[in-house]
Amino acid sequence: MRRQGRDPYNWSSDPPAGSGRAMLRIVKAPKEGTIDLVVLSPHIVGIWTHWVGDRTIGCTNGFGCKCEVTELPTRWKGYLACAQVTDGKVVLAELTGDATRNLMLQDNLLSGPPLRGLVLRLGRVRGSRVGRVVAGIVTGKRFDDAALPKPPDVQQELQRIWCSRR
Ligand SMILES: [Zn+2]
């Protein structure tokens, strides 16, 4: 609605309806090169998922999941809330089962300190036909807990994303 007067802007103190907080982006290992992310979560949250059409959804086994009526491939995925090193934007990093297992073993993180504050580097094995995901911790870098934003609830964030896709 245009208003009279010299001010061309349409000021309002009420936010528009339905403009909730945006869903977090899921970041996977890039096809080329690597990406560095500052880990915000204390640990990885893993879940069995299905690849349906062109996207991943979490399996709600026993609660009306598509896999109860059709055969669907099932893959374990691990998720971590992270901040992008480039712009500080909070995202969800997605890791494969193999990448998670190797990460925990090679960096001795199973019984070690929490992941929060460490810098995660995601990439893919060069020349591997399927582009196997590799994840590692960048050595010698740890951000101070107090300098980082509070981690979002990864399960809740994933539910928001998957519910909007069903
Ligand atoms: Zn399922």
# chains A, B, ... in the order shown; residues from 1 in each chain; ligands from 1

$ closest_atom_pairs --of "chain A" --to "ligand 1" --cutoff "7 Å" --atoms "only C-alpha atoms and all ligand atoms" --output "tab-separated table"
residue	atom	partner	partner_atom_place_in_ligand_line	distance
A:Thr49	CA	ligand 1	1 (Zn)	6.8
A:His50	CA	ligand 1	1 (Zn)	6.5
A:Cys59	CA	ligand 1	1 (Zn)	3.7
A:Thr60	CA	ligand 1	1 (Zn)	5.3
A:Asn61	CA	ligand 1	1 (Zn)	4.7
A:Cys65	CA	ligand 1	1 (Zn)	4.6
A:Lys66	CA	ligand 1	1 (Zn)	5.7
A:Cys67	CA	ligand 1	1 (Zn)	4.2
A:Glu68	CA	ligand 1	1 (Zn)	6.5

$ select_by_dssp --residues "chain A" --states "helix (DSSP H, G or I)" --output "PyMOL selection string"
chain A and resi 66-68+97-106+145-147+154-165

$ write_last_selection --atoms "C-alpha atoms" --output "compact mmCIF listing (two decimals), in the first residue's frame"
# COMPACT_ATOMS: atom_id res chain seq x y z
CA LYS A 66 8.22 -44.74 3.08
CA CYS A 67 10.52 -47.77 3.53
CA GLU A 68 7.64 -49.72 5.07
CA GLY A 97 29.21 -43.51 8.13
CA ASP A 98 32.70 -44.33 6.81
CA ALA A 99 33.88 -40.73 7.11
CA THR A 100 32.55 -40.54 10.68
CA ARG A 101 34.17 -43.82 11.71
CA ASN A 102 37.53 -42.85 10.21
CA LEU A 103 37.35 -39.40 11.73
CA MET A 104 36.73 -40.81 15.20
CA LEU A 105 39.51 -43.39 14.87
CA GLN A 106 42.21 -41.38 13.17
CA ASP A 145 34.08 -22.14 23.65
CA ALA A 146 33.14 -18.61 24.72
CA ALA A 147 33.95 -17.22 21.27
CA VAL A 154 20.67 -30.73 15.49
CA GLN A 155 17.77 -33.19 15.84
CA GLN A 156 15.22 -30.40 15.91
CA GLU A 157 16.79 -28.68 12.91
CA LEU A 158 16.82 -31.92 10.89
CA GLN A 159 13.19 -32.57 11.76
CA ARG A 160 12.25 -29.12 10.48
CA ILE A 161 14.07 -29.75 7.21
CA TRP A 162 12.73 -33.27 6.69
CA CYS A 163 9.15 -32.41 7.64
CA SER A 164 9.15 -29.66 5.05
CA ARG A 165 10.28 -32.17 2.41

$ select_by_dssp --residues "chain A" --states "strand (DSSP E)" --output "ChimeraX atom specification"
/A:26-27,35-39,45-52,55-58,74-84,90-96,118-124,133-142

$ write_last_selection --atoms "C-alpha atoms" --output "compact mmCIF listing (two decimals), in the first residue's frame"
# COMPACT_ATOMS: atom_id res chain seq x y z
CA ILE A 26 23.05 -28.94 5.02
CA VAL A 27 26.68 -28.86 3.90
CA ILE A 35 35.70 -27.00 3.04
CA ASP A 36 36.62 -26.00 6.61
CA LEU A 37 33.95 -25.69 9.28
CA VAL A 38 34.20 -24.76 12.96
CA VAL A 39 32.33 -27.39 14.96
CA VAL A 45 24.24 -37.00 15.88
CA GLY A 46 23.73 -40.00 13.60
CA ILE A 47 20.60 -41.42 12.01
CA TRP A 48 19.59 -43.91 9.31
CA THR A 49 18.37 -42.12 6.21
CA HIS A 50 16.89 -42.79 2.78
CA TRP A 51 17.74 -41.19 -0.51
CA VAL A 52 14.34 -40.36 -2.01
CA ARG A 55 17.19 -35.73 -1.32
CA THR A 56 17.99 -37.38 1.96
CA ILE A 57 15.27 -37.92 4.56
CA GLY A 58 15.55 -39.48 7.99
CA THR A 74 19.26 -47.05 3.78
CA ARG A 75 22.40 -45.13 4.71
CA TRP A 76 23.68 -43.88 8.04
CA LYS A 77 24.50 -40.17 8.14
CA GLY A 78 26.16 -38.16 10.86
CA TYR A 79 25.35 -34.50 11.48
CA LEU A 80 27.13 -31.71 13.30
CA ALA A 81 26.20 -28.07 13.70
CA CYS A 82 29.09 -25.97 12.41
CA ALA A 83 29.98 -22.39 11.53
CA GLN A 84 31.41 -21.76 8.07
CA VAL A 90 25.68 -21.72 10.98
CA VAL A 91 25.08 -24.87 8.92
CA LEU A 92 24.67 -28.61 9.43
CA ALA A 93 27.60 -30.69 8.21
CA GLU A 94 26.64 -34.09 6.82
CA LEU A 95 29.07 -37.01 7.07
CA THR A 96 28.85 -40.56 5.79
CA LEU A 118 37.68 -27.97 16.46
CA VAL A 119 37.99 -27.23 12.76
CA LEU A 120 36.51 -29.94 10.55
CA ARG A 121 37.78 -30.34 7.00
CA LEU A 122 35.48 -32.10 4.53
CA GLY A 123 36.60 -33.38 1.16
CA ARG A 124 36.41 -36.37 -1.15
CA VAL A 133 33.75 -38.51 1.67
CA VAL A 134 36.70 -37.89 3.96
CA ALA A 135 36.59 -35.84 7.14
CA GLY A 136 39.51 -34.74 9.25
CA ILE A 137 40.35 -32.33 12.02
CA VAL A 138 42.69 -29.47 11.17
CA THR A 139 45.51 -29.84 13.67
CA GLY A 140 46.58 -27.04 15.96
CA LYS A 141 43.33 -25.11 15.71
CA ARG A 142 40.70 -24.94 18.42

$ closest_residue --among "A:Ala22, A:Val85, A:Leu40, A:Ala29" --to "Pro114 in chain A" --atoms "only C-alpha atoms"
A:Leu40

$ closest_residue --among "A:Ser12, A:Asp153, A:Met23, A:Asp87" --to "Pro42 in chain A" --atoms "only C-alpha atoms"
A:Asp153

$ atom_distance --atom1 "CA of Arg25 in chain A" --atom2 "CA of Lys150 in chain A"
16.8 Å

$ closest_residue --among "A:Gly88, A:Gly131, A:Arg116, A:Val125" --to "Phe143 in chain A" --atoms "only C-alpha atoms"
A:Arg116

$ atom_distance --atom1 "CA of His43 in chain A" --atom2 "CA of Pro30 in chain A"
21.9 Å
